[in-house]
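The file upload20.txt contains compact mmCIF, C-alpha atoms and all ligand atoms:
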# COMPACT_ATOMS: atom_id res chain seq x y z
CA MET A 1 51.36 -18.04 56.14
CA ILE A 2 54.06 -18.96 53.63
CA THR A 3 54.55 -16.42 50.82
CA VAL A 4 55.92 -16.72 47.28
CA GLN A 5 58.98 -14.73 48.42
CA ASP A 6 59.66 -17.36 51.09
CA ILE A 7 60.02 -20.18 48.60
CA GLN A 8 61.12 -18.84 45.22
CA ASN A 9 64.79 -18.32 46.11
CA GLN A 10 65.26 -21.69 47.77
CA THR A 11 66.61 -24.65 45.86
CA ILE A 12 64.27 -27.51 45.06
CA ALA A 13 66.37 -29.80 47.25
CA GLU A 14 65.96 -27.43 50.19
CA LEU A 15 62.23 -27.17 49.62
CA PHE A 16 61.80 -30.94 49.40
CA GLU A 17 63.66 -31.37 52.64
CA GLN A 18 61.65 -28.71 54.41
CA TYR A 19 58.31 -29.83 53.02
CA PRO A 20 58.41 -33.62 52.54
CA PHE A 21 54.96 -33.56 50.90
CA LEU A 22 56.07 -31.15 48.12
CA PRO A 23 57.23 -33.83 45.63
CA GLY A 24 53.55 -34.81 45.47
CA PHE A 25 52.73 -31.36 44.12
CA PHE A 26 55.48 -31.63 41.50
CA GLU A 27 54.15 -35.02 40.41
CA GLU A 28 50.56 -33.80 40.17
CA ASN A 29 51.64 -30.89 38.03
CA THR A 30 53.98 -33.03 35.88
CA LEU A 31 56.98 -30.98 36.88
CA GLN A 32 60.08 -33.08 36.13
CA VAL A 33 63.04 -32.30 38.35
CA ASN A 34 65.73 -34.66 36.98
CA GLY A 35 69.14 -33.00 37.27
CA GLN A 36 67.81 -29.63 38.41
CA ILE A 37 67.31 -30.47 42.08
CA ASP A 38 69.94 -27.93 43.19
CA GLU A 39 68.50 -25.05 41.18
CA LYS A 40 66.60 -22.26 42.83
CA LEU A 41 62.88 -22.70 42.32
CA ILE A 42 62.63 -19.41 40.43
CA ASP A 43 65.39 -20.50 38.00
CA TYR A 44 63.89 -23.96 37.58
CA LEU A 45 60.58 -22.38 36.58
CA LYS A 46 62.23 -20.42 33.76
CA PHE A 47 60.94 -23.00 31.28
CA LEU A 48 57.57 -21.36 31.84
CA ASP A 49 58.86 -18.19 30.19
CA ASP A 50 58.15 -20.07 27.00
CA GLU A 51 54.64 -19.14 25.88
CA GLU A 52 53.99 -22.49 24.31
CA GLU A 53 54.67 -24.25 27.62
CA VAL A 54 52.31 -21.85 29.39
CA GLU A 55 49.62 -22.58 26.83
CA ASN A 56 50.10 -26.35 27.06
CA ARG A 57 49.96 -26.35 30.83
CA ALA A 58 47.30 -23.65 31.10
CA ILE A 59 49.25 -22.13 33.98
CA ASP A 60 51.92 -19.42 34.06
CA LYS A 61 54.86 -19.00 36.39
CA ASP A 62 53.13 -16.64 38.82
CA GLN A 63 50.03 -18.82 39.06
CA LEU A 64 52.13 -21.90 39.63
CA LEU A 65 54.16 -20.23 42.37
CA LEU A 66 50.98 -19.05 44.00
CA SER A 67 49.29 -22.43 43.91
CA MET A 68 52.47 -24.08 45.27
CA THR A 69 52.51 -21.60 48.15
CA THR A 70 48.86 -22.26 48.91
CA TYR A 71 49.46 -25.99 48.79
CA ILE A 72 52.35 -25.76 51.26
CA SER A 73 50.36 -23.54 53.63
CA GLN A 74 47.34 -25.82 53.53
CA MET A 75 49.39 -28.95 54.08
CA LEU A 76 51.17 -27.34 57.04
CA GLU A 77 47.87 -26.30 58.53
CA PHE A 78 46.40 -29.74 57.97
CA LEU A 79 49.37 -31.36 59.61
CA GLY A 80 49.11 -28.88 62.47
CA GLU A 81 52.67 -27.72 62.04
CA ASP A 82 52.23 -24.10 61.08
CA GLU A 83 54.48 -22.47 63.64
CA GLU A 84 52.95 -19.05 63.27
CA ASP A 85 49.56 -20.54 63.87
CA GLY A 86 50.67 -21.96 67.23
CA VAL A 87 48.60 -21.17 70.27
CA HIS A 88 50.60 -19.49 73.03
CA SER A 89 47.75 -18.37 75.23
CA ILE A 90 44.04 -18.11 75.70
CA THR A 91 42.36 -15.27 77.54
CA ILE A 92 38.97 -15.39 79.20
CA LEU A 93 37.08 -12.10 79.22
CA PRO A 94 34.32 -11.75 81.83
CA GLY A 95 30.66 -12.42 81.16
CA THR A 96 27.79 -12.89 83.60
CA ASN A 97 26.89 -15.41 86.29
CA LYS A 98 23.61 -17.31 86.47
CA SER A 99 21.86 -14.28 87.99
CA GLY A 100 23.01 -12.10 85.12
CA GLU A 101 25.52 -10.17 87.27
CA ALA A 102 28.86 -9.19 85.72
CA GLU A 103 31.85 -11.38 86.63
CA GLN A 104 34.35 -9.48 88.77
CA PHE A 105 37.69 -10.03 87.06
CA GLY A 106 39.49 -8.01 84.44
CA GLU A 107 40.71 -10.77 82.19
CA LEU A 108 42.28 -14.14 82.76
CA LYS A 109 45.20 -15.19 80.57
CA ILE A 110 46.35 -18.81 80.51
CA SER A 111 49.65 -19.61 78.78
CA LYS A 112 51.30 -22.68 77.31
CA SER A 113 52.48 -25.28 79.86
CA GLU A 114 50.07 -23.97 82.50
CA ILE A 115 47.65 -26.25 84.31
CA VAL A 116 44.54 -24.52 85.52
CA CYS A 117 41.99 -26.32 87.65
CA ILE A 118 38.35 -25.38 87.86
CA VAL A 119 36.66 -25.99 91.19
CA GLY A 120 33.21 -25.25 92.58
CA PRO A 121 30.08 -27.01 93.83
CA THR A 122 28.09 -29.42 91.67
CA GLY A 123 26.12 -27.54 89.04
CA SER A 124 28.03 -24.30 89.59
CA GLY A 125 29.18 -24.01 85.98
CA LYS A 126 32.57 -25.74 85.65
CA SER A 127 31.65 -27.69 82.53
CA ARG A 128 30.08 -24.55 81.09
CA LEU A 129 33.44 -22.75 81.33
CA LEU A 130 35.16 -25.63 79.52
CA GLY A 131 32.37 -25.47 76.94
CA ASP A 132 32.99 -21.74 76.42
CA ILE A 133 36.66 -22.41 75.73
CA GLU A 134 35.95 -25.25 73.35
CA TRP A 135 33.50 -23.11 71.43
CA VAL A 136 35.89 -20.12 71.51
CA ALA A 137 32.91 -18.17 72.85
CA GLN A 138 32.35 -14.72 71.45
CA ASN A 139 29.62 -13.42 73.67
CA ASP A 140 27.38 -16.10 72.19
CA THR A 141 26.96 -18.63 75.03
CA PRO A 142 24.73 -18.47 78.16
CA THR A 143 27.63 -16.90 80.11
CA SER A 144 28.32 -14.11 77.55
CA ARG A 145 32.05 -14.75 78.00
CA THR A 146 34.59 -14.11 75.28
CA ILE A 147 37.65 -16.28 74.68
CA LEU A 148 40.70 -14.78 72.98
CA VAL A 149 43.34 -16.95 71.33
CA ASN A 150 46.87 -15.45 71.39
CA GLU A 151 45.25 -12.28 72.77
CA GLU A 152 43.20 -11.87 69.64
CA MET A 153 39.53 -12.35 68.91
CA GLY A 154 39.10 -16.09 68.41
CA ASP A 155 38.95 -17.17 64.81
CA LYS A 156 35.77 -19.10 64.05
CA LYS A 157 37.90 -21.53 62.05
CA TRP A 158 38.70 -23.22 65.36
CA ARG A 159 35.06 -24.26 65.59
CA VAL A 160 34.92 -26.09 62.30
CA SER A 161 38.43 -27.07 61.25
CA SER A 162 38.78 -30.81 61.70
CA GLY A 163 42.45 -31.13 60.84
CA HIS A 164 43.40 -28.44 63.32
CA LYS A 165 41.36 -28.57 66.47
CA LEU A 166 41.99 -26.02 69.17
CA VAL A 167 41.04 -28.36 71.97
CA ALA A 168 41.09 -32.01 72.76
CA GLN A 169 38.35 -32.75 75.23
CA LEU A 170 38.22 -35.60 77.68
CA SER A 171 34.67 -35.64 78.94
CA GLN A 172 32.82 -37.61 81.58
CA ASN A 173 31.05 -39.84 79.10
CA MET A 174 33.18 -41.88 76.83
CA ASN A 175 30.76 -44.11 75.01
CA PHE A 176 32.08 -45.92 71.99
CA VAL A 177 29.55 -47.02 69.43
CA MET A 178 31.85 -48.30 66.70
CA ASP A 179 32.42 -51.99 66.27
CA LEU A 180 36.24 -51.95 66.23
CA THR A 181 39.04 -53.57 68.17
CA VAL A 182 41.39 -51.36 70.18
CA TYR A 183 44.00 -51.92 67.47
CA GLU A 184 41.67 -50.90 64.62
CA PHE A 185 40.50 -47.85 66.53
CA LEU A 186 44.05 -46.66 67.22
CA GLU A 187 45.15 -47.48 63.68
CA LEU A 188 42.37 -45.34 62.21
CA HIS A 189 43.24 -42.56 64.55
CA ALA A 190 46.98 -42.69 63.87
CA GLN A 191 46.41 -42.80 60.12
CA SER A 192 44.11 -39.81 60.21
CA ARG A 193 46.89 -37.89 61.96
CA LEU A 194 49.33 -38.92 59.20
CA VAL A 195 51.60 -40.62 61.72
CA GLU A 196 54.58 -42.30 60.05
CA ASP A 197 55.32 -45.06 62.53
CA VAL A 198 51.74 -46.28 63.07
CA GLU A 199 52.76 -49.57 64.73
CA GLY A 200 55.16 -47.85 67.13
CA VAL A 201 52.58 -45.26 68.13
CA ILE A 202 49.88 -47.88 68.72
CA ALA A 203 52.24 -49.91 70.91
CA LYS A 204 53.10 -46.81 72.92
CA ILE A 205 49.46 -45.83 73.45
CA ILE A 206 48.38 -49.26 74.66
CA GLU A 207 51.40 -49.45 76.96
CA GLU A 208 50.61 -46.09 78.56
CA ALA A 209 46.86 -46.84 78.72
CA ASN A 210 47.53 -50.08 80.54
CA LYS A 211 49.68 -48.24 83.08
CA LEU A 212 46.62 -46.12 83.92
CA ALA A 213 43.91 -48.75 83.88
CA GLY A 214 43.38 -51.18 86.75
CA GLU A 215 42.62 -54.20 84.62
CA LYS A 216 44.84 -54.63 81.56
CA PHE A 217 43.33 -54.93 78.11
CA GLU A 218 44.60 -56.16 74.75
CA LEU A 219 44.88 -54.76 71.25
CA THR A 220 42.33 -57.37 70.18
CA THR A 221 39.71 -56.26 72.74
CA PRO A 222 36.65 -54.69 71.07
CA ILE A 223 36.38 -51.07 72.21
CA THR A 224 32.72 -51.57 73.04
CA SER A 225 33.62 -54.08 75.73
CA LEU A 226 36.13 -51.87 77.54
CA SER A 227 35.08 -50.82 81.04
CA GLY A 228 34.54 -47.13 81.87
CA GLY A 229 38.01 -46.90 83.42
CA GLN A 230 39.70 -48.74 80.58
CA SER A 231 38.14 -46.60 77.87
CA ARG A 232 39.04 -43.49 79.84
CA ALA A 233 42.63 -44.71 80.12
CA LEU A 234 42.71 -45.42 76.39
CA MET A 235 41.41 -41.95 75.52
CA ILE A 236 43.87 -40.25 77.85
CA ALA A 237 46.85 -42.10 76.39
CA ASP A 238 45.54 -41.49 72.88
CA THR A 239 45.10 -37.76 73.52
CA ALA A 240 48.50 -37.39 75.17
CA ILE A 241 50.36 -39.20 72.43
CA LEU A 242 48.44 -38.39 69.26
CA SER A 243 46.65 -35.11 69.74
CA LYS A 244 48.20 -32.03 68.20
CA SER A 245 45.62 -29.77 69.83
CA PRO A 246 47.34 -27.10 71.91
CA ILE A 247 44.68 -27.14 74.61
CA ILE A 248 43.43 -30.08 76.61
CA LEU A 249 40.17 -29.80 78.50
CA ILE A 250 39.47 -32.42 81.13
CA ASP A 251 36.11 -32.82 82.77
CA GLU A 252 36.56 -34.97 85.86
CA ILE A 253 39.04 -37.79 85.78
CA GLU A 254 38.45 -38.77 89.39
CA ASN A 255 35.69 -41.35 89.15
CA ALA A 256 37.09 -43.35 86.32
CA GLY A 257 39.01 -45.92 88.35
CA ILE A 258 42.33 -45.00 86.80
CA ASP A 259 45.60 -43.74 88.21
CA ARG A 260 44.84 -40.02 88.11
CA LYS A 261 48.28 -38.74 88.97
CA LYS A 262 49.91 -40.81 86.23
CA ALA A 263 47.20 -39.71 83.82
CA LEU A 264 47.84 -36.06 84.54
CA ASP A 265 51.60 -36.50 84.31
CA LEU A 266 51.16 -38.13 80.93
CA LEU A 267 48.92 -35.35 79.67
CA ILE A 268 51.09 -32.50 80.81
CA GLY A 269 54.27 -34.06 79.47
CA GLU A 270 53.66 -32.09 76.29
CA GLU A 271 53.76 -28.31 76.05
CA LYS A 272 50.07 -27.68 76.27
CA ILE A 273 47.50 -25.61 78.04
CA VAL A 274 45.59 -27.91 80.38
CA LEU A 275 42.27 -26.97 81.98
CA MET A 276 40.70 -29.46 84.32
CA ALA A 277 37.37 -29.33 86.15
CA THR A 278 37.67 -31.33 89.34
CA HIS A 279 36.20 -32.08 92.75
CA ASP A 280 39.37 -33.84 93.84
CA PRO A 281 41.64 -31.90 96.26
CA MET A 282 44.79 -33.62 95.04
CA LEU A 283 44.13 -32.78 91.42
CA ALA A 284 42.97 -29.26 92.32
CA LEU A 285 46.31 -28.56 94.00
CA MET A 286 48.30 -29.96 91.09
CA GLY A 287 47.34 -26.94 89.02
CA ASP A 288 49.36 -23.74 88.89
CA LYS A 289 46.12 -21.87 89.56
CA ARG A 290 42.55 -22.69 90.30
CA ILE A 291 39.47 -20.93 89.12
CA VAL A 292 36.67 -20.97 91.68
CA ILE A 293 33.22 -21.00 90.12
CA LYS A 294 30.17 -19.86 92.07
CA ASN A 295 26.63 -19.49 90.74
CA GLY A 296 27.88 -19.80 87.14
CA GLY A 297 30.48 -17.03 87.46
CA ILE A 298 34.24 -16.93 87.96
CA HIS A 299 34.35 -15.97 91.61
CA LYS A 300 38.08 -16.10 92.34
CA VAL A 301 41.36 -17.10 90.74
CA ILE A 302 43.81 -18.50 93.29
CA VAL A 303 47.48 -19.20 92.62
CA THR A 304 48.58 -22.44 94.29
CA SER A 305 50.74 -21.41 97.26
CA ASP A 306 54.02 -23.02 98.32
CA GLU A 307 52.35 -24.29 101.45
CA GLU A 308 49.65 -25.96 99.38
CA ARG A 309 52.25 -27.52 97.13
CA LYS A 310 53.94 -29.02 100.16
CA LEU A 311 50.59 -30.32 101.42
CA LEU A 312 50.14 -31.98 98.06
CA VAL A 313 52.83 -34.47 99.01
CA ASP A 314 50.76 -35.54 102.05
CA LEU A 315 47.61 -35.69 99.97
CA GLU A 316 49.36 -37.88 97.42
CA ARG A 317 50.41 -40.21 100.22
CA MET A 318 46.84 -40.41 101.53
CA ASP A 319 45.55 -40.92 98.02
CA ALA A 320 47.99 -43.77 97.45
CA VAL A 321 46.64 -45.46 100.61
CA VAL A 322 43.06 -45.13 99.37
CA GLN A 323 43.95 -46.34 95.87
CA ASN A 324 45.83 -49.28 97.30
CA MET A 325 42.84 -50.16 99.48
CA ARG A 326 40.53 -49.95 96.51
CA THR A 327 42.70 -52.38 94.57
CA ARG A 328 42.94 -54.78 97.47
CA LEU A 329 39.21 -54.69 98.18
CA ARG A 330 38.57 -55.32 94.52
CA ASN A 331 40.84 -58.34 94.70
CA GLY A 332 38.86 -59.75 97.61
CA GLU A 333 41.43 -59.04 100.31
CA ILE A 334 40.68 -58.21 103.95
CA ILE A 335 41.84 -54.78 105.17
CA LYS A 336 43.49 -54.35 108.59
CA LYS A 337 44.07 -51.26 110.70
CA GLU A 338 47.83 -51.26 110.09
CA ASP A 339 47.22 -51.12 106.34
CA ILE A 340 46.27 -47.49 106.71
CA GLY A 341 49.82 -46.68 107.70
CA PHE A 342 49.24 -43.39 109.59
N1 LIG B 401 27.06 -18.02 83.76
C1 LIG B 401 26.02 -18.82 83.46
N2 LIG B 401 24.88 -18.31 82.98
C2 LIG B 401 23.84 -19.11 82.68
N3 LIG B 401 23.84 -20.46 82.83
C3 LIG B 401 24.94 -21.03 83.31
C4 LIG B 401 26.09 -20.26 83.65
N4 LIG B 401 27.05 -21.09 84.09
C5 LIG B 401 26.52 -22.33 84.06
N5 LIG B 401 25.25 -22.31 83.58
C6 LIG B 401 24.37 -23.47 83.42
O1 LIG B 401 24.24 -24.15 84.67
C7 LIG B 401 24.12 -25.55 84.47
C8 LIG B 401 25.13 -26.32 85.33
O2 LIG B 401 26.45 -26.00 84.91
P1 LIG B 401 27.59 -27.08 84.70
O3 LIG B 401 27.07 -28.33 84.11
O4 LIG B 401 28.69 -26.38 83.99
O5 LIG B 401 28.01 -27.38 86.23
P2 LIG B 401 29.27 -28.18 86.82
O6 LIG B 401 29.92 -27.26 87.79
O7 LIG B 401 30.12 -28.71 85.73
O8 LIG B 401 28.56 -29.34 87.59
P3 LIG B 401 29.14 -30.81 88.04
O9 LIG B 401 30.11 -30.55 89.14
O10 LIG B 401 27.92 -31.50 88.53
O11 LIG B 401 29.73 -31.43 86.83
C9 LIG B 401 24.29 -25.79 82.98
O12 LIG B 401 23.02 -25.92 82.40
C10 LIG B 401 24.97 -24.51 82.51
O13 LIG B 401 24.70 -24.22 81.13
If you took the structure in this file and wrote it as structure tokens, what would it be?
Ligand SMILES: Nc1ncnc2c1ncn2[C@@H]1O[C@H](COP(=O)(O)OP(=O)(O)OP(=O)(O)O)[C@@H](O)[C@H]1O
Amino acid sequence: MITVQDIQNQTIAELFEQYPFLPGFFEENTLQVNGQIDEKLIDYLKFLDDEEEVENRAIDKDQLLLSMTTYISQMLEFLGEDEEDGVHSITILPGTNKSGEAEQFGELKISKSEIVCIVGPTGSGKSRLLGDIEWVAQNDTPTSRTILVNEEMGDKKWRVSSGHKLVAQLSQNMNFVMDLTVYEFLELHAQSRLVEDVEGVIAKIIEEANKLAGEKFELTTPITSLSGGQSRALMIADTAILSKSPIILIDEIENAGIDRKKALDLLIGEEKIVLMATHDPMLALMGDKRIVIKNGGIHKVIVTSDEERKLLVDLERMDAVVQNMRTRLRNGEIIKKEDIGF
């Protein structure tokens, strides 16, 4: 939070540079700066020592300073740039499995730049764990887990705040209902994030999305006619490039017909916490750790070993062969034994 003390001794020029949206506040409050740009804010506001001015404006110096401070804090929060509000870690505190038995781990802390995979049989509760994190559960979900943010009890503001979402979620179903072209969709999204270079950002997102998707699509394509893989690729590129959320939750990227390794590389390029539920061995080993879910509970947490990391290289090679075969089969080619390459 910004305080009055933080701003009152800075010059107006310094404040305008630090908070580019502040001139808007001056305009709204008919505060003329003219030649006083290099004065300290507190000195500039001396004209409000005059009682007549205070009466005319119906605001005194202290009130004005306070409302300016609130405005700056709210704008920073809205823009997602409040440093002190940054998320450094989340911590999962144990709850119960599907049989109501207590989960056997003390607590599980996940920090910025960590990738954690969630593995376990179908229906074991992987999506439920992602759901708990998204909801910042406070013993109020079927698992009774609690999620701490920065080692503190999660603030319920994360559940409702639209300008400042804790998580960006990429889920299995990506159904668009709006009648927009890819360009219009991205434009709306970029504008709502107050991006300055909207055109540049849109170009970057479509370029990255097309690197992930098998079949290329255009900015003029209606989003409703994108294939499952294409819309997934679009959402991944959009999330990686536009989302300010500190946590990315991914529920299965394997079946989408996109280049999964590139997708993950794109997503983890930013300093974020990434949690990914997966059935795919290659993706599971790309994480720093993996959470094993059994019967709805966190059964084990395994740190990826050096040996596993080395094996990942072989898995990636095998995966490339399979992907290549998929592409060639799709293109109507005939596969031969030597195409397998090992
Ligand atoms: N600890 C728990 N206590 C009670 N219910 C649970 C618990 N964990 C999961 N469930 C419930 O079990 C069901 C299956 O869980 P979920 O959908 O998370 O499985 P999944 O591992 O993601 O499956 P899939 O691999 O098929 O996507 C859901 O209805 C979920 O709410």
Next on the checklist: Could you list, as a count of residues only, all protein and nucleic acid residues with an atom at most 6 Å from ligand LIG 401 (chain B), counting all atoms listed in the file?
Outcome noted: 15
Next on the checklist: Using all atoms listed in the file for the distances, tell me which of A:Asp288, A:Val321, A:Ile133, A:Thr327 is nearest to Ala213 of chain A.
Outcome noted: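 Closest to Ala213 of chain A of all the choices is A:Thr327.
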Next on the checklist: Show me, as JSON, numbers by chain, the residues that have an atom within 8 Å of Ile7 of chain A when counting all atoms listed in the file, minus same-chain residues fewer than 6 positions from it.
Outcome noted: {"A": [15, 41, 69]}
Next on the checklist: Using only C-alpha atoms, can you tell me which of A:Thr181, A:Leu170, A:Leu285, A:Ala190 comes closest to Ala233 of chain A?
Outcome noted: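 Closest to Ala233 of chain A of all the choices is A:Leu170.
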Item to check | Distance query Pro20 of chain A at most 12 Å, all atoms listed in the file, self and fewer than 6 positions along chain excluded, as number ranges by chain | outcome: A: 12-14, 26, 72, 75-76, 79
List the neighbours of segment 198-212 of chain A out to 10 Å using all atoms listed in the file; skip same-chain residues closer than 6 positions along the sequence, and give me the result as a short mmCIF file (atom, residue, chain, number, x, y, z; two decimals) with C-alpha atoms, in the frame of the given file.
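Output saved as around.cif:
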data_model
loop_
_atom_site.label_atom_id
_atom_site.label_comp_id
_atom_site.auth_asym_id
_atom_site.auth_seq_id
_atom_site.Cartn_x
_atom_site.Cartn_y
_atom_site.Cartn_z
CA VAL A 182 41.39 -51.36 70.18
CA TYR A 183 44.00 -51.92 67.47
CA GLU A 184 41.67 -50.90 64.62
CA PHE A 185 40.50 -47.85 66.53
CA LEU A 186 44.05 -46.66 67.22
CA GLU A 187 45.15 -47.48 63.68
CA LEU A 188 42.37 -45.34 62.21
CA HIS A 189 43.24 -42.56 64.55
CA ALA A 190 46.98 -42.69 63.87
CA GLN A 191 46.41 -42.80 60.12
CA GLU A 218 44.60 -56.16 74.75
CA LEU A 219 44.88 -54.76 71.25
CA GLY A 229 38.01 -46.90 83.42
CA GLN A 230 39.70 -48.74 80.58
CA SER A 231 38.14 -46.60 77.87
CA ARG A 232 39.04 -43.49 79.84
CA ALA A 233 42.63 -44.71 80.12
CA LEU A 234 42.71 -45.42 76.39
CA MET A 235 41.41 -41.95 75.52
CA ILE A 236 43.87 -40.25 77.85
CA ALA A 237 46.85 -42.10 76.39
CA ASP A 238 45.54 -41.49 72.88
CA THR A 239 45.10 -37.76 73.52
CA ALA A 240 48.50 -37.39 75.17
CA ILE A 241 50.36 -39.20 72.43
CA LEU A 242 48.44 -38.39 69.26
CA GLY A 257 39.01 -45.92 88.35
CA ILE A 258 42.33 -45.00 86.80
CA ASP A 259 45.60 -43.74 88.21
CA ARG A 260 44.84 -40.02 88.11
CA LYS A 261 48.28 -38.74 88.97
CA LYS A 262 49.91 -40.81 86.23
CA ALA A 263 47.20 -39.71 83.82
CA LEU A 266 51.16 -38.13 80.93
#
Next on the checklist: For a quick check of understanding, using only C-alpha atoms, which of A:Ile302, A:Met68, A:Leu264, A:Val87 has the smallest distance to Leu22 of chain A?
Outcome noted: A:Met68
Spatial neighbours of Asp60 of chain A, 12 Å, only C-alpha atoms, chain gap at least 5 places, as a PDB file with C-alpha atoms, keeping the file's coordinate frame:
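Dumped to part24.pdb:
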ATOM      1  CA  LEU A  45      60.580 -22.380  36.580  1.00  0.00           C
ATOM      2  CA  LYS A  46      62.230 -20.420  33.760  1.00  0.00           C
ATOM      3  CA  PHE A  47      60.940 -23.000  31.280  1.00  0.00           C
ATOM      4  CA  LEU A  48      57.570 -21.360  31.840  1.00  0.00           C
ATOM      5  CA  ASP A  49      58.860 -18.190  30.190  1.00  0.00           C
ATOM      6  CA  ASP A  50      58.150 -20.070  27.000  1.00  0.00           C
ATOM      7  CA  GLU A  51      54.640 -19.140  25.880  1.00  0.00           C
ATOM      8  CA  GLU A  52      53.990 -22.490  24.310  1.00  0.00           C
ATOM      9  CA  GLU A  53      54.670 -24.250  27.620  1.00  0.00           C
ATOM     10  CA  VAL A  54      52.310 -21.850  29.390  1.00  0.00           C
ATOM     11  CA  GLU A  55      49.620 -22.580  26.830  1.00  0.00           C
ATOM     12  CA  LEU A  65      54.160 -20.230  42.370  1.00  0.00           C
ATOM     13  CA  LEU A  66      50.980 -19.050  44.000  1.00  0.00           C
ATOM     14  CA  SER A  67      49.290 -22.430  43.910  1.00  0.00           C
TER      15      SER A  67
END
Checklist entry - Nearest to Gln138 of chain A among A:Ile110, A:Ile92, A:Leu180, A:Ile248, with distances taken over all atoms listed in the file: which residue is it? => result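 Residue with the minimum atom-to-atom distance to Gln138 of chain A: A:Ile92.
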Next on the checklist: Which residues are close to Asn324 of chain A, i.e. within 10 Å by all atoms listed in the file, leaving aside same-chain residues fewer than 5 positions away? Reply as number ranges by chain.
Outcome noted: A: 318-319, 329-330, 339-340
Selection from above, C-alpha atoms, as a compact mmCIF listing (two decimals), in the coordinates of the input, can you write it?
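Result written to result.txt:
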# COMPACT_ATOMS: atom_id res chain seq x y z
CA MET A 318 46.84 -40.41 101.53
CA ASP A 319 45.55 -40.92 98.02
CA LEU A 329 39.21 -54.69 98.18
CA ARG A 330 38.57 -55.32 94.52
CA ASP A 339 47.22 -51.12 106.34
CA ILE A 340 46.27 -47.49 106.71
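Note that the spacing between atom CA of Asn295 of chain A and atom CA of Glu101 of chain A amounts to 10.0 Å.
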Item to check | Separation of atom CA of Arg57 of chain A from atom CA of Glu28 of chain A, in Å and rounded to one decimal | outcome: 12.0 Å
Checklist entry - Separation of atom CA of Leu315 of chain A and atom CA of Lys272 of chain A, in Å? => result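 These two atoms are separated by 25.1 Å.
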Next on the checklist: Restricting the calculation to all atoms listed in the file: of A:Lys289, A:Lys294, A:Ser305, A:Asp6, which residue gets closest to Ser99 of chain A?
Outcome noted: A:Lys294
Next on the checklist: From the options A:Glu134, A:Glu215, A:Glu196, A:Asp306, which residue's atoms come nearest to Ile247 of chain A, counting all atoms listed in the file?
Outcome noted: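 When distances to Ile247 of chain A are compared using all atoms listed in the file, the smallest one comes from A:Glu134.
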